[in-house]
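Step one of this worksheet: look at the structure below.
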Amino acid sequence: MNNNDPIGSAVSDFLAGKQHAEIIVESNLTEDDVIPVDYLFREPADMPEMEHTALQASKGKVLDIGAGAGCHALALQNLGFDVTALDVSEGAATAMRERGVKQVVNQNIFDVTGKYDTLLLLMNGIGIAGTLDGLDRFLQHARTLLNPNGQILLESSDILYMFEEEDGSVLLDLNAGYYGEVKYNMKYKDQQSGWFDWLFIDPAILEDYATKHGYTFEVLYEGDMGNYLARLMLME
């Protein structure tokens, strides 16, 4: 396995019996965090309400983007959906096949072709756009993947609260670009992803970008910490 596939290595270890593995997440914004690997294997009963809302809103042929260990793809597959699980991690793709996901693609989203009715991006999945410029690119590419009346179901967060001072004011460096553009590095044992861009986008700006690219926009669910589930649909 490549030494730049921490998620793939961690999910492989979990399947091999290492139940308490953790992925270390470094960022340029906060202190290090961890992802318990068992969370990537959660069953529907353990999924938050926002994810259930997304699964219920899914329709037709589904592409689960950034599928990880395949928990959402398996849930949809068990509901009878024609679902394809997509992940750039070779180890994650292998693990999903081992877990019984029938259609798995180990590829970058921008290399994907084909037609789908639903593009699903959970766990802050639209973050793969990386930057606002990347969001332009993603929404343009997504149009080539969607059937008429197709939809994008995406989870993101408005992280403005992370810049609040004790008095409630917000301190932003206006020369630093959009505050939702964050850099991450993931580590697991000897594996390291290398630093990459990840996007958190507030709903108002996402709506602007959606409209610009010919999508309707609606928020299907709002969480407690600025997180939300949005649906973008191709305008007829």
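By order of appearance in the structure tokens: chains A, B, ..., then residues from 1 within every chain, and ligands from 1 in the order shown.
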**OP:** Can you pull out every residue within 12 Å of Ala10 (chain A), counting only C-alpha atoms, but drop anything in the same chain fewer than 4 positions away, and send it as a ChimeraX atom specification?
**Re:** /A:1,3-6,14-24,35-41,68-69,89-92,95,186-192
**OP:** Find the residues around Arg143 (chain A) up to 10 Å (only C-alpha atoms counted), leave out those fewer than 3 positions away in its own chain, and share them as a list in words.
**Re:**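 These residues fall inside the cut-off: Lys115, Phe138, Leu139, Gln140, Leu146, Asn147, Pro148, Gly150, Gln151, Ile152, His213, Gly214, Tyr215, Met233 and Leu234 of chain A.
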Original post:
If you measure from CA of Met50 (chain A) to CA of Leu229 (chain A), what distance in Å do you get, rounded to one decimal?
Top reply: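 So the two atoms, CA of Met50 (chain A) and CA of Leu229 (chain A), lie 6.7 Å apart.
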**OP:** as an NGL selection string, list the residues of region 12-116 of chain A assigned to helix (DSSP H, G or I) by DSSP on the backbone atoms of this structure.
**Re:** :A and (12-15 or 37-41 or 44-46 or 49-57 or 71-78 or 90-99 or 109-111)
Output file for the residues above (C-alpha atoms, as a PDB file, in the first residue's frame):
```pdb
ATOM      1  CA  SER A  12      -7.729  -2.090   6.520  1.00  0.00           C
ATOM      2  CA  ASP A  13      -6.390  -2.437  10.068  1.00  0.00           C
ATOM      3  CA  PHE A  14      -9.914  -2.107  11.453  1.00  0.00           C
ATOM      4  CA  LEU A  15     -11.149  -4.930   9.231  1.00  0.00           C
ATOM      5  CA  VAL A  37     -11.840   4.602  12.642  1.00  0.00           C
ATOM      6  CA  ASP A  38     -14.843   2.697  13.976  1.00  0.00           C
ATOM      7  CA  TYR A  39     -16.960   5.785  13.199  1.00  0.00           C
ATOM      8  CA  LEU A  40     -16.312   5.174   9.494  1.00  0.00           C
ATOM      9  CA  PHE A  41     -17.994   1.762   9.903  1.00  0.00           C
ATOM     10  CA  PRO A  44     -27.629   3.193  10.048  1.00  0.00           C
ATOM     11  CA  ALA A  45     -28.809   3.005  13.666  1.00  0.00           C
ATOM     12  CA  ASP A  46     -25.714   4.991  14.676  1.00  0.00           C
ATOM     13  CA  GLU A  49     -30.339  12.566  11.744  1.00  0.00           C
ATOM     14  CA  MET A  50     -28.734  14.661   9.019  1.00  0.00           C
ATOM     15  CA  GLU A  51     -27.358  11.543   7.318  1.00  0.00           C
ATOM     16  CA  HIS A  52     -30.724   9.793   7.533  1.00  0.00           C
ATOM     17  CA  THR A  53     -32.294  12.853   5.894  1.00  0.00           C
ATOM     18  CA  ALA A  54     -29.760  12.607   3.064  1.00  0.00           C
ATOM     19  CA  LEU A  55     -30.339   8.885   2.559  1.00  0.00           C
ATOM     20  CA  GLN A  56     -34.104   9.428   2.474  1.00  0.00           C
ATOM     21  CA  ALA A  57     -33.698  12.263  -0.051  1.00  0.00           C
ATOM     22  CA  CYS A  71     -21.288   2.948   5.411  1.00  0.00           C
ATOM     23  CA  HIS A  72     -23.636   5.142   3.365  1.00  0.00           C
ATOM     24  CA  ALA A  73     -23.192   3.125   0.171  1.00  0.00           C
ATOM     25  CA  LEU A  74     -24.045  -0.076   2.059  1.00  0.00           C
ATOM     26  CA  ALA A  75     -27.089   1.533   3.654  1.00  0.00           C
ATOM     27  CA  LEU A  76     -28.375   2.650   0.248  1.00  0.00           C
ATOM     28  CA  GLN A  77     -27.511  -0.692  -1.346  1.00  0.00           C
ATOM     29  CA  ASN A  78     -29.496  -2.468   1.360  1.00  0.00           C
ATOM     30  CA  GLU A  90      -7.024   2.529  -2.731  1.00  0.00           C
ATOM     31  CA  GLY A  91      -7.219   0.964   0.718  1.00  0.00           C
ATOM     32  CA  ALA A  92     -10.726   2.301   1.292  1.00  0.00           C
ATOM     33  CA  ALA A  93     -11.855   0.967  -2.084  1.00  0.00           C
ATOM     34  CA  THR A  94     -10.465  -2.472  -1.237  1.00  0.00           C
ATOM     35  CA  ALA A  95     -12.158  -2.398   2.170  1.00  0.00           C
ATOM     36  CA  MET A  96     -15.521  -1.466   0.645  1.00  0.00           C
ATOM     37  CA  ARG A  97     -15.332  -4.389  -1.754  1.00  0.00           C
ATOM     38  CA  GLU A  98     -14.512  -6.692   1.164  1.00  0.00           C
ATOM     39  CA  ARG A  99     -17.539  -5.331   3.028  1.00  0.00           C
ATOM     40  CA  ILE A 109     -14.134  12.730  -8.853  1.00  0.00           C
ATOM     41  CA  PHE A 110     -12.848  14.929 -11.677  1.00  0.00           C
ATOM     42  CA  ASP A 111     -11.928  11.817 -13.684  1.00  0.00           C
TER      43      ASP A 111
END
```
Subject >> DSSP-assigned strand (DSSP E) among region 117-216 of chain A, expressed as number ranges by chain >> reply: A: 117-121, 146-157, 181-188, 191-192, 196-199, 215-216
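Counting only C-alpha atoms, Thr118 (chain A) has the following residues at most 7 Å away, ignoring those fewer than 2 positions along the same chain: Ser58, Lys59, Gly60, Lys61, Val62, Leu63, Tyr116, Leu120, Gly150, Gln151 and Ile152 of chain A.
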Original post:
What separation in Å, quoted to one decimal, exists between CA of Asp197 (chain A) and CA of Thr30 (chain A)?
Top reply: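 That distance, rounded to one decimal, is 14.6 Å.
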Subject >> Atom-to-atom span, CA of Asn108 (chain A) and CA of Val88 (chain A), Å >> reply: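 According to the coordinates, CA of Asn108 (chain A) and CA of Val88 (chain A) are separated by 5.4 Å.
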Original post:
With distances taken over only C-alpha atoms, which of A:Val182, A:Leu29, A:Val11, A:Leu86 is nearest to Thr131 (chain A)?
Top reply: A:Val182
